[in-house]
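Q: Take this structure first; my questions come after.
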Amino acid sequence: MEQFVIKGGRPLVGTVEIGGAKNAALAILAASLMTDETVTIDNLPNVTDINALLEAIERIGGHIERTGPHTIKLNCAHIDSFNIDCECIRKIRASYYLLGALLGRYKRATVPLPGGCNIGNRPIDLHLKGFRSLGAKIDISHGMIIADSDNLIGSHIYLDSVSVGATINIMMAASMAKGNTVIENAAKEPHVVDTANFLNTMGANIKGAGTDVIRIRGVEKLHGTDYSIIPDQIEAGTFMFAVAAAGGDVTIKNVIPKHLESISAKLVEVGCEVTEFDDSVRIECKGRLSHTQVRTLPYPGFPTDMQPQMVVAIGMGDGTSIVTESIFENRFKYVDELTKMGASIKVEGNTAIINGVEGYTGARVAAPDLRAGAALVIAGLAADGITVIDDITFVERGYEGIERKLKNLGALIEKVTTEKQIQKFILKVS
Ligand code: UD1
């Protein structure tokens, strides 16, 4: 089993390039199933969640050609199965996008109930409510969602709570329904907009993505396109909080600064300097951070996917910080691991009360999920001594070459598989 071993205490300095957004890519790959023509997708991150979805698409007849490290050509003219049930797809949350894409195009799909990170109860009732409203019949049997319809008909759908997945899924299915669909209380995340833009370049007619009302006029056919995925806001934010925690001066390239506004604002509030350029941001952090209060919210609020990374940074801040998680019910599981490194955090329901400590000390910890795993990497970079992180497969679901990128910024980090390699690393860095 792979692990990261880190010797902390070095500031991060230099330039890092951000990859394509994993969560946009998952939706866009699924949407590529909706045409017979070839789709070229660029800026595709090479991470395990994406590769799992590509494997599932190949298994049902999609043809994938890798034409570059981050570019693929995808042709789905010969889809020969609408029942997707492989180990690969059970592992990822975004399997649900295959439902919207196949239902839109072929009017039927059978997909396992979604897996993904265990951060609380993650129902998909809003997705199913949307599909039913478009006229699909949905059954759940033996862990599979079975969707079927003679014809999808446009509808007026109000989402009871803001859901990224439900917004995108309904938008995909409605793109090929008969007539008009309105989604109210839609999610506004950058990847909702990116998926809408992608579908529009395929010939869909979607207006209002990025606001809370999305209007879709169904079309009969979608065509091929060339598309480049937006930069990953969460990967960029993770590097920003790594600098906040470990100190340093890093320019983060290939970002859309607007997507990082809530993150940048928080970092400035706790004492970092953030300078925005057209497609990069520079972050400089020296000395101890101050305390703050944060509540995670749908975009443009502070993202839940940045919550653990931020807690790690302000866990070493001066004073008491309060962080409220309002999106997922069980997203503080990593606090036990962070406590092993010296953090002083009390979790009460969906609130963490963080008494800033002067610093962390290296320890052996395990990544409980993707973003919390990245947060533990940040803690290791800031900690005094050696940190070993187990279960890094979680981290690799969403971060491409995180250790390589951190090494380029001066971090002492290695991916290892044996105790002997850990000892070798310790000898090398001491
Ligand atoms: C997506 C992201 C995830 C991010 C989250 C919130 C992907 C693959 N994952 O997840 O990284 O943390 O958005 O920004 O893009 N809910 C319901 N019923 C539903 C759907 C959602 O009650 O049918 C609830 C969820 O339990 C949660 C909230 O709505 O409390 C938001 O979830 P949602 O935005 O749907 O998140 P995901 O699409 O799962």
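Scheme for the structure tokens: letters A, B, ... for chains in order shown; per-chain residue numbers from 1; ligand numbers from 1 in order shown.
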Can you work out which residues are within 8 Å of ligand 1, considering only C-alpha atoms and all ligand atoms, and then hand them over as a ChimeraX atom specification?
A: /A:22-24,26-27,93-94,120-129,161-167,187,189,191,298-299,303-305,326-329
Q: If you run DSSP on the backbone here, which positions in stretch 75-285 of chain A get strand (DSSP E)? Please write them as a ChimeraX atom specification.
A: /A:75,108-112,137-141,144-148,156-158,180-184,205-207,213-217,225-228,248-253,273-276,280-285
Q: Mind dumping the selected residues with N, CA and C atoms as a compact mmCIF listing (two decimals), in the first residue's frame?
A:
```txt
# COMPACT_ATOMS: atom_id res chain seq x y z
N ASN A 75 -15.12 8.47 -28.62
CA ASN A 75 -16.23 8.25 -29.55
C ASN A 75 -17.19 7.23 -28.96
N ARG A 108 -32.70 5.28 -21.31
CA ARG A 108 -32.64 4.23 -20.29
C ARG A 108 -31.22 4.06 -19.78
N ALA A 109 -31.12 3.60 -18.53
CA ALA A 109 -29.81 3.37 -17.93
C ALA A 109 -29.97 2.59 -16.64
N THR A 110 -29.00 1.73 -16.36
CA THR A 110 -28.94 1.04 -15.07
C THR A 110 -27.54 1.25 -14.52
N VAL A 111 -27.49 1.88 -13.36
CA VAL A 111 -26.20 2.30 -12.79
C VAL A 111 -26.21 2.00 -11.29
N PRO A 112 -25.08 1.56 -10.71
CA PRO A 112 -25.08 1.29 -9.27
C PRO A 112 -25.30 2.58 -8.46
N LYS A 137 -39.18 6.63 -15.46
CA LYS A 137 -39.59 5.72 -14.39
C LYS A 137 -38.29 5.27 -13.71
N ILE A 138 -38.25 5.38 -12.39
CA ILE A 138 -37.01 5.04 -11.68
C ILE A 138 -37.31 3.96 -10.65
N ASP A 139 -36.52 2.89 -10.67
CA ASP A 139 -36.61 1.87 -9.62
C ASP A 139 -35.23 1.68 -9.02
N ILE A 140 -35.23 1.31 -7.75
CA ILE A 140 -33.94 0.95 -7.14
C ILE A 140 -34.06 -0.50 -6.71
N SER A 141 -33.14 -1.32 -7.21
CA SER A 141 -33.23 -2.75 -6.93
C SER A 141 -31.82 -3.34 -6.87
N MET A 144 -28.92 -1.14 -7.51
CA MET A 144 -28.82 -0.48 -8.82
C MET A 144 -29.97 0.52 -8.99
N ILE A 145 -29.69 1.59 -9.70
CA ILE A 145 -30.75 2.53 -10.07
C ILE A 145 -31.13 2.20 -11.51
N ILE A 146 -32.42 1.93 -11.72
CA ILE A 146 -32.88 1.56 -13.06
C ILE A 146 -33.79 2.68 -13.57
N ALA A 147 -33.34 3.35 -14.60
CA ALA A 147 -34.10 4.47 -15.15
C ALA A 147 -34.55 4.13 -16.55
N ASP A 148 -35.79 4.50 -16.86
CA ASP A 148 -36.37 4.08 -18.13
C ASP A 148 -37.45 5.09 -18.53
N HIS A 156 -40.68 21.76 -15.22
CA HIS A 156 -40.26 22.82 -14.32
C HIS A 156 -39.84 22.13 -13.02
N ILE A 157 -38.58 22.24 -12.67
CA ILE A 157 -38.06 21.47 -11.52
C ILE A 157 -37.49 22.42 -10.49
N TYR A 158 -37.99 22.31 -9.27
CA TYR A 158 -37.44 23.12 -8.18
C TYR A 158 -36.63 22.19 -7.29
N ASN A 180 -39.12 22.43 -23.19
CA ASN A 180 -38.30 23.28 -22.30
C ASN A 180 -38.29 22.78 -20.86
N THR A 181 -37.12 22.92 -20.24
CA THR A 181 -36.98 22.59 -18.81
C THR A 181 -36.45 23.82 -18.09
N VAL A 182 -36.98 24.05 -16.88
CA VAL A 182 -36.43 25.11 -16.03
C VAL A 182 -35.99 24.44 -14.73
N ILE A 183 -34.72 24.66 -14.34
CA ILE A 183 -34.25 24.16 -13.03
C ILE A 183 -34.13 25.37 -12.12
N GLU A 184 -34.91 25.37 -11.04
CA GLU A 184 -34.82 26.48 -10.09
C GLU A 184 -34.06 26.04 -8.85
N ASN A 205 -28.93 23.62 -25.89
CA ASN A 205 -29.41 25.00 -25.74
C ASN A 205 -29.70 25.23 -24.24
N ILE A 206 -28.64 25.63 -23.53
CA ILE A 206 -28.74 25.82 -22.07
C ILE A 206 -28.41 27.27 -21.76
N LYS A 207 -29.30 27.90 -21.02
CA LYS A 207 -29.06 29.31 -20.66
C LYS A 207 -29.17 29.46 -19.14
N VAL A 213 -31.26 29.99 -11.80
CA VAL A 213 -32.31 29.46 -12.70
C VAL A 213 -31.66 29.07 -14.03
N ILE A 214 -31.75 27.81 -14.37
CA ILE A 214 -31.17 27.33 -15.64
C ILE A 214 -32.33 26.93 -16.56
N ARG A 215 -32.28 27.44 -17.78
CA ARG A 215 -33.34 27.13 -18.77
C ARG A 215 -32.74 26.31 -19.89
N ILE A 216 -33.40 25.21 -20.19
CA ILE A 216 -32.87 24.29 -21.20
C ILE A 216 -33.94 24.04 -22.25
N ARG A 217 -33.58 24.27 -23.50
CA ARG A 217 -34.49 23.89 -24.59
C ARG A 217 -33.94 22.59 -25.17
N THR A 225 -17.28 17.84 -30.55
CA THR A 225 -16.70 19.14 -30.23
C THR A 225 -15.26 18.96 -29.72
N ASP A 226 -14.55 20.08 -29.63
CA ASP A 226 -13.23 20.11 -28.98
C ASP A 226 -13.39 20.98 -27.76
N TYR A 227 -12.95 20.53 -26.62
CA TYR A 227 -13.21 21.31 -25.41
C TYR A 227 -12.05 21.19 -24.42
N SER A 228 -11.76 22.29 -23.75
CA SER A 228 -10.72 22.28 -22.73
C SER A 228 -11.36 22.54 -21.36
N GLY A 248 5.75 30.60 2.96
CA GLY A 248 6.41 30.60 1.66
C GLY A 248 5.82 31.62 0.70
N ASP A 249 6.19 31.44 -0.56
CA ASP A 249 5.83 32.40 -1.61
C ASP A 249 5.68 31.60 -2.91
N VAL A 250 4.45 31.37 -3.32
CA VAL A 250 4.21 30.48 -4.47
C VAL A 250 3.27 31.16 -5.47
N THR A 251 3.63 31.03 -6.74
CA THR A 251 2.73 31.49 -7.81
C THR A 251 2.00 30.27 -8.35
N ILE A 252 0.69 30.36 -8.37
CA ILE A 252 -0.14 29.23 -8.77
C ILE A 252 -0.69 29.54 -10.16
N LYS A 253 -0.22 28.79 -11.14
CA LYS A 253 -0.56 29.11 -12.53
C LYS A 253 -1.70 28.24 -13.07
N GLU A 273 -0.80 37.22 2.01
CA GLU A 273 -0.92 38.20 0.94
C GLU A 273 -1.26 37.45 -0.35
N VAL A 274 -2.34 37.86 -1.02
CA VAL A 274 -2.72 37.18 -2.26
C VAL A 274 -2.79 38.22 -3.39
N THR A 275 -2.05 37.97 -4.46
CA THR A 275 -2.09 38.89 -5.61
C THR A 275 -2.66 38.13 -6.80
N GLU A 276 -3.67 38.74 -7.43
CA GLU A 276 -4.32 38.08 -8.57
C GLU A 276 -3.76 38.59 -9.88
N SER A 280 -3.31 33.52 -12.97
CA SER A 280 -2.51 32.97 -11.87
C SER A 280 -2.75 33.79 -10.60
N VAL A 281 -2.38 33.21 -9.48
CA VAL A 281 -2.40 33.96 -8.22
C VAL A 281 -1.07 33.71 -7.50
N ARG A 282 -0.60 34.75 -6.80
CA ARG A 282 0.62 34.59 -6.00
C ARG A 282 0.21 34.66 -4.54
N ILE A 283 0.69 33.72 -3.77
CA ILE A 283 0.37 33.75 -2.34
C ILE A 283 1.65 33.78 -1.54
N GLU A 284 1.70 34.75 -0.61
CA GLU A 284 2.87 34.89 0.26
C GLU A 284 2.38 34.83 1.71
N CYS A 285 2.99 33.96 2.49
CA CYS A 285 2.60 33.85 3.90
C CYS A 285 3.84 33.75 4.78
```
Q: Using only C-alpha atoms, which residues sit within 7 Å of stretch 196-204 of chain A once same-chain residues fewer than 3 positions away are excluded, as a VMD selection string?
A: chain A and resid 28 175 192 to 193 209 219 222 to 225 227
Q: In Å, how far is it from atom CA of A:Lys405 to atom CA of A:Gly237?
A: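 One can read the atom CA of A:Lys405 to atom CA of A:Gly237 distance as 14.0 Å.
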Q: Counting only C-alpha atoms, which of A:Val323, A:Met171, A:Lys221, A:Gly135 gets nearest to A:Gly208?
A: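 Nearest candidate to A:Gly208 out of A:Val323, A:Met171, A:Lys221, A:Gly135: A:Met171.
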